[in-house]
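**Student:** Got data_12.txt for you, compact mmCIF, C-alpha atoms:
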```txt
# COMPACT_ATOMS: atom_id res chain seq x y z
CA MET H 246 -1.82 -11.76 18.60
CA VAL H 247 -5.15 -12.38 16.89
CA PRO H 248 -5.17 -14.81 13.93
CA VAL H 249 -5.41 -12.92 10.63
CA PRO H 250 -6.48 -14.87 7.53
CA PHE H 251 -3.98 -14.68 4.70
CA ALA H 252 -2.63 -16.38 1.60
CA THR H 253 1.08 -17.14 1.22
CA LEU H 254 3.19 -15.84 -1.65
CA HIS H 255 6.81 -16.76 -2.35
CA PHE H 256 8.65 -13.81 -3.86
CA ALA H 257 12.33 -12.84 -3.98
CA GLY H 258 13.31 -15.86 -1.90
CA HIS H 259 11.00 -14.89 0.96
CA ALA H 260 7.57 -15.97 2.15
CA TRP H 261 4.94 -13.21 2.38
CA CYS H 262 1.47 -13.15 3.87
CA VAL H 263 -0.83 -11.43 1.36
CA LEU H 264 -3.68 -9.91 3.34
CA PRO H 265 -7.20 -9.32 1.97
CA GLN H 266 -6.98 -5.77 3.35
CA GLY H 267 -4.40 -4.95 0.66
CA ALA H 268 -1.29 -5.19 2.84
CA LEU H 269 1.74 -7.48 3.02
CA TYR H 270 3.16 -9.10 6.11
CA TRP H 271 6.77 -10.32 6.09
CA PRO H 272 7.03 -12.95 8.83
CA ALA H 273 10.83 -13.26 8.70
CA ARG H 274 11.16 -9.61 9.68
CA ARG H 275 7.83 -9.21 11.50
CA ALA H 276 7.21 -6.35 9.08
CA LEU H 277 3.89 -4.94 7.82
CA LEU H 278 3.93 -3.12 4.47
CA VAL H 279 1.26 -0.86 3.00
CA ALA H 280 1.14 1.63 0.14
CA ASP H 281 -0.80 4.76 -0.78
CA LEU H 282 -2.67 5.70 2.37
CA HIS H 283 -3.45 9.15 0.92
CA LEU H 284 -4.32 10.53 4.35
CA GLU H 285 -6.29 13.81 4.37
CA LYS H 286 -7.37 13.46 0.75
CA ALA H 287 -10.90 14.58 1.65
CA SER H 288 -9.68 17.77 3.33
CA TRP H 289 -7.48 18.51 0.31
CA TYR H 290 -10.56 18.38 -1.93
CA ALA H 291 -12.51 20.48 0.58
CA ARG H 292 -10.00 23.31 0.22
CA GLY H 293 -11.01 23.48 -3.44
CA GLY H 294 -14.72 23.50 -2.68
CA GLN H 295 -15.47 19.80 -3.23
CA MET H 296 -16.87 18.69 0.10
CA LEU H 297 -16.34 15.03 1.00
CA PRO H 298 -17.00 13.29 4.34
CA PRO H 299 -13.88 14.09 6.41
CA TYR H 300 -13.38 10.60 7.80
CA ASP H 301 -10.91 9.06 5.37
CA SER H 302 -7.85 9.40 7.60
CA ILE H 303 -9.38 7.90 10.73
CA ALA H 304 -10.91 5.07 8.66
CA THR H 305 -7.57 4.26 7.03
CA LEU H 306 -5.57 4.47 10.25
CA SER H 307 -8.16 2.40 12.14
CA ASP H 308 -7.80 -0.36 9.54
CA LEU H 309 -4.02 -0.17 9.80
CA ALA H 310 -4.13 -0.17 13.60
CA ALA H 311 -6.37 -3.23 13.57
CA LEU H 312 -3.79 -5.11 11.50
CA ALA H 313 -0.97 -3.91 13.74
CA ASP H 314 -2.83 -5.00 16.86
CA ALA H 315 -3.51 -8.41 15.33
CA LEU H 316 -0.06 -9.07 13.86
CA ALA H 317 2.13 -7.22 16.39
CA PRO H 318 4.72 -6.20 13.76
CA GLU H 319 8.07 -4.83 14.81
CA GLU H 320 8.34 -2.78 11.60
CA ILE H 321 5.82 -0.88 9.49
CA TRP H 322 6.78 0.37 6.03
CA CYS H 323 4.59 2.86 4.14
CA LEU H 324 5.52 2.81 0.45
CA GLY H 325 4.82 6.41 -0.48
CA ASP H 326 1.87 8.77 -0.95
CA SER H 327 1.01 8.28 2.69
CA PHE H 328 -0.44 11.80 2.70
CA HIS H 329 -2.33 13.22 -0.24
CA ASP H 330 -0.25 16.42 -0.20
CA VAL H 331 2.74 17.88 1.61
CA ALA H 332 0.57 19.71 4.18
CA GLY H 333 -1.69 16.76 4.89
CA CYS H 334 -0.09 15.89 8.21
CA ASP H 335 -0.88 19.40 9.51
CA ARG H 336 -4.60 18.84 8.82
CA LEU H 337 -4.95 15.51 10.62
CA PRO H 338 -7.87 15.53 13.06
CA GLU H 339 -6.96 15.02 16.70
CA ASP H 340 -8.18 11.42 16.86
CA ALA H 341 -6.33 10.42 13.70
CA ARG H 342 -3.15 12.16 14.85
CA ALA H 343 -3.28 10.38 18.22
CA LEU H 344 -3.75 7.00 16.54
CA LEU H 345 -0.92 7.58 14.07
CA THR H 346 1.41 8.77 16.82
CA ARG H 347 0.68 5.61 18.81
CA LEU H 348 1.54 3.45 15.81
CA THR H 349 4.81 5.23 15.04
CA ALA H 350 5.83 5.12 18.70
CA THR H 351 5.33 1.37 19.10
CA THR H 352 6.98 0.12 15.87
CA ARG H 353 10.04 0.84 13.75
CA TRP H 354 8.07 2.95 11.29
CA THR H 355 9.49 4.09 7.96
CA TRP H 356 7.87 6.49 5.52
CA ILE H 357 9.01 5.96 1.93
CA THR H 358 8.42 9.22 0.09
CA GLY H 359 6.07 9.37 -2.89
CA ASN H 360 5.13 11.85 -5.56
CA HIS H 361 2.33 13.33 -3.43
CA ASP H 362 4.29 13.69 -0.19
CA ARG H 363 7.94 14.01 -1.08
CA SER H 364 8.72 17.05 1.04
CA TYR H 365 6.34 17.18 4.04
CA VAL H 366 8.03 17.46 7.40
CA ASP H 367 5.74 16.63 10.35
CA ARG H 368 4.98 12.93 10.05
CA CYS H 369 3.93 12.22 13.66
CA GLY H 370 7.07 10.17 14.23
CA GLY H 371 8.90 7.56 12.20
CA ALA H 372 11.92 7.67 9.90
CA VAL H 373 11.89 8.92 6.31
CA ALA H 374 13.64 7.50 3.23
CA ASP H 375 13.35 7.95 -0.52
CA GLU H 376 13.76 4.18 -0.84
CA ALA H 377 15.34 1.30 1.05
CA LEU H 378 17.09 -2.01 0.40
CA VAL H 379 15.94 -4.59 2.94
CA ASP H 380 17.26 -8.17 2.85
CA GLY H 381 17.84 -7.92 -0.89
CA VAL H 382 14.44 -6.35 -1.66
CA VAL H 383 14.10 -2.75 -2.86
CA LEU H 384 11.26 -0.78 -1.26
CA ARG H 385 10.20 2.32 -3.19
CA HIS H 386 7.09 4.19 -4.21
CA GLU H 387 7.04 3.71 -7.97
CA ALA H 388 8.43 0.70 -9.82
CA GLU H 389 11.48 1.38 -12.00
CA ARG H 390 11.57 -0.41 -15.33
CA GLY H 391 15.31 -1.00 -15.35
CA GLU H 392 15.50 -2.31 -11.79
CA ALA H 393 16.83 -5.89 -11.84
CA ARG H 394 16.67 -6.42 -8.09
CA PRO H 395 13.44 -7.66 -6.46
CA GLU H 396 11.23 -4.66 -5.80
CA LEU H 397 8.11 -3.76 -3.80
CA SER H 398 6.24 -0.59 -4.72
CA GLY H 399 2.85 1.11 -4.88
CA HIS H 400 1.78 4.23 -6.80
CA PHE H 401 -0.61 2.72 -9.36
CA HIS H 402 -3.46 1.59 -7.06
CA PRO H 403 -4.07 -1.53 -9.20
CA LYS H 404 -7.55 -3.00 -9.41
CA LEU H 405 -8.76 -6.08 -11.24
CA ARG H 406 -12.07 -5.88 -13.04
CA VAL H 407 -13.74 -9.18 -13.92
CA ARG H 408 -17.24 -10.15 -14.97
CA VAL H 409 -18.98 -12.52 -12.58
CA ARG H 410 -22.44 -13.83 -13.44
CA GLY H 411 -22.91 -10.97 -15.86
CA LYS H 412 -21.85 -8.26 -13.40
CA LEU H 413 -18.61 -6.31 -13.51
CA VAL H 414 -16.77 -6.69 -10.21
CA ALA H 415 -13.73 -4.59 -9.23
CA ARG H 416 -11.29 -5.74 -6.55
CA ARG H 417 -8.03 -4.19 -5.50
CA CYS H 418 -5.16 -6.45 -6.41
CA PHE H 419 -1.41 -6.89 -6.35
CA VAL H 420 0.44 -6.98 -9.68
CA ALA H 421 3.32 -9.44 -9.77
CA THR H 422 6.15 -10.39 -12.10
CA ALA H 423 9.24 -12.43 -11.39
CA THR H 424 11.03 -9.44 -9.84
CA LYS H 425 8.32 -6.86 -9.08
CA LEU H 426 5.35 -6.73 -6.75
CA ILE H 427 3.07 -3.69 -6.90
CA LEU H 428 0.81 -3.24 -3.88
CA PRO H 429 -2.75 -1.90 -4.08
CA ALA H 430 -3.73 1.32 -2.36
CA PHE H 431 -4.53 0.80 1.32
CA GLY H 432 -6.27 4.15 1.81
CA ALA H 433 -10.02 4.37 2.39
CA LEU H 434 -10.46 7.14 -0.20
CA THR H 435 -8.41 6.00 -3.17
CA GLY H 436 -9.41 5.11 -6.70
CA GLY H 437 -7.78 2.42 -8.76
CA LEU H 438 -6.09 1.92 -12.11
CA ASP H 439 -7.07 -1.14 -14.10
CA ALA H 440 -4.40 -3.81 -13.71
CA THR H 441 -4.25 -4.15 -17.49
CA HIS H 442 -3.37 -0.48 -17.99
CA PRO H 443 -0.29 0.09 -20.19
CA GLU H 444 1.37 2.30 -17.56
CA ILE H 445 1.35 -0.55 -15.07
CA HIS H 446 2.84 -2.93 -17.58
CA ARG H 447 5.47 -0.47 -18.70
CA ALA H 448 6.59 -0.27 -15.08
CA ALA H 449 6.24 -3.92 -14.12
CA GLY H 450 7.16 -5.70 -17.35
CA ARG H 451 5.91 -9.04 -18.67
CA PRO H 452 4.67 -11.61 -17.99
CA ALA H 453 2.51 -10.24 -15.18
CA GLU H 454 -0.40 -11.46 -13.15
CA ALA H 455 -2.98 -9.90 -10.87
CA LEU H 456 -3.19 -11.39 -7.39
CA VAL H 457 -6.42 -11.12 -5.42
CA ALA H 458 -6.09 -12.17 -1.79
CA LEU H 459 -8.98 -14.00 -0.18
CA PRO H 460 -8.95 -15.12 3.47
CA ASP H 461 -8.06 -18.69 2.53
CA ARG H 462 -6.33 -18.49 -0.86
CA LEU H 463 -4.66 -16.31 -3.46
CA LEU H 464 -6.40 -15.98 -6.82
CA ARG H 465 -4.08 -15.48 -9.79
CA PHE H 466 -5.19 -13.87 -13.06
CA PRO H 467 -2.70 -13.70 -15.96
CA LEU H 468 -2.63 -10.22 -17.47
CA ALA H 469 -2.68 -10.35 -21.25
CA ALA H 470 -0.34 -8.22 -23.30
```
Taking this structure as input, can you express it in the form of structure tokens?

**Tutor:**
Amino acid sequence: MVPVPFATLHFAGHAWCVLPQGALYWPARRALLVADLHLEKASWYARGGQMLPPYDSIATLSDLAALADALAPEEIWCLGDSFHDVAGCDRLPEDARALLTRLTATTRWTWITGNHDRSYVDRCGGAVADEALVDGVVLRHEAERGEARPELSGHFHPKLRVRVRGKLVARRCFVATATKLILPAFGALTGGLDATHPEIHRAAGRPAEALVALPDRLLRFPLAA
């Protein structure tokens, strides 16, 4: 294992490593969690005539593989919208497919379905679930307002925008409340919704804070109502 810098977060009675790459590592289970890979988003746009560099999938999977090689997780959980559309897996380039297949073959890999990829079939290995309950924590794609149990989710691609020395800086962030933790998008070709957006707060509840992971600490920003 290669040391990976992280900040520690205590949530739902567990300790989590919050990684600057926008992922979570759960030491007690040796589990790596990511959300919103949106693989093959560029090729989806290309089918409609909007040509984008077709390297998003290999970039995303290379980043994920680097974390897996460093942390040696036994489990990997993808919290939905792993592909940008239901046919995305069919369009994976050969190098990306080979890398994904290696990852799913060497870990207990679970795909949580999302709104973009609820019904695709060929996932290059791994198990599929609409959601899961793991050691008292619900894993699903989109946060549910009425859920009282601790919950990890994705879907909103939260980003924090702050002004630093007169310049507006945007960083992907986690959004946390007492019972909910929304992960940022891990994908290389994903936009972001402002962490103060009403839709995020309708899903997460109040009070909420944005968490920005640096290699040596976790920055916390209260999100105003």

**Student:** Could you pull the residues within 9 Å of Phe419 in chain H, counting all atoms listed in the file, minus those fewer than 5 positions along the same chain, as a PyMOL selection string?

**Tutor:** chain H and resi 263+267+402-405+426-429+440+454-458

**Student:** Counting all atoms listed in the file, which of H:Pro443, H:Pro467, H:Gly371, H:Pro338 gets nearest to Thr351 in chain H?

**Tutor:**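 Going through H:Pro443, H:Pro467, H:Gly371, H:Pro338 one by one, the smallest distance to Thr351 in chain H is for H:Gly371.
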
**Student:** Please measure the separation of CA of Trp356 in chain H and CA of Arg451 in chain H, giving the value in Å to one decimal.

**Tutor:**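 These two atoms are separated by 28.8 Å.
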
**Student:** Need the shell around Leu397 in chain H: protein/DNA/RNA residues with any atom at most 12 Å away, counting all atoms listed in the file. Skip same-chain ones fewer than 5 positions apart. Format as a PyMOL selection string?

**Tutor:** chain H and resi 256-257+261+268-269+271+278-280+322-325+357+376-379+381-389+392+419-429+448-449

**Student:** Nearest to Leu459 in chain H: which of H:Ser307, H:Arg417, H:Leu282, H:Val407 is it, counting all atoms listed in the file?

**Tutor:**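 Under the stated criterion, the closest residue is H:Arg417.
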
**Student:** Between CA of Arg465 in chain H and CA of Cys418 in chain H, what is the distance, to one decimal in Å?

**Tutor:**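 That distance, rounded to one decimal, is 9.7 Å.
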
**Student:** Can you tell me, as a ChimeraX atom specification, what residues are no more than 8 Å from Leu337 in chain H when counting all atoms listed in the file, ignoring any on the same chain fewer than 5 positions away?

**Tutor:** /H:285,302,342

**Student:** Counting only C-alpha atoms, which residue out of H:Leu464, H:Leu309, H:Val331, H:Leu438 sits closest to Asn360 in chain H?

**Tutor:**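 Between H:Leu464, H:Leu309, H:Val331, H:Leu438, the residue approaching Asn360 in chain H most closely is H:Val331.
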
**Student:** One number please: CA of Ser398 in chain H to CA of Thr358 in chain H, in Å, one decimal.

**Tutor:** 11.1 Å

**Student:** Looking at H:Gly432, H:Asp380, H:Arg353, H:Pro265, which one is nearest to Pro395 in chain H, with distances taken over all atoms listed in the file?

**Tutor:**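 For Pro395 in chain H, the nearest of the given residues is H:Asp380.
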
**Student:** Might I get the box with edges along x, y and z of the file that holds all atoms of range 327-340 of chain H listed there, padded by 3 Å on every side, given as centre and edge lengths in Å to one decimal, as AutoDock Vina command-line options?

**Tutor:**
```
--center_x -2.7 --center_y 14.0 --center_z 8.3 --size_x 16.9 --size_y 17.4 --size_z 23.1
```

**Student:** Quick one: residues within 12 Å of Asp314 in chain H, only C-alpha atoms counted, chain neighbours fewer than 4 positions away excluded, as a list in words?

**Tutor:**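 In the requested form, the answer reads Met246, Val247, Pro248, Val249, Leu277, Leu306, Ser307, Asp308, Leu309, Ala310, Pro318, Glu319, Arg347, Leu348, Thr351 and Thr352 of chain H.
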
**Student:** Compare H:Glu339, H:Gly399, H:Leu434, H:Ile321 by their minimum atom-to-atom distance to Ala372 in chain H, counting all atoms listed in the file, and give me the closest one.

**Tutor:**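 Closest to Ala372 in chain H, using all atoms listed in the file: H:Ile321.
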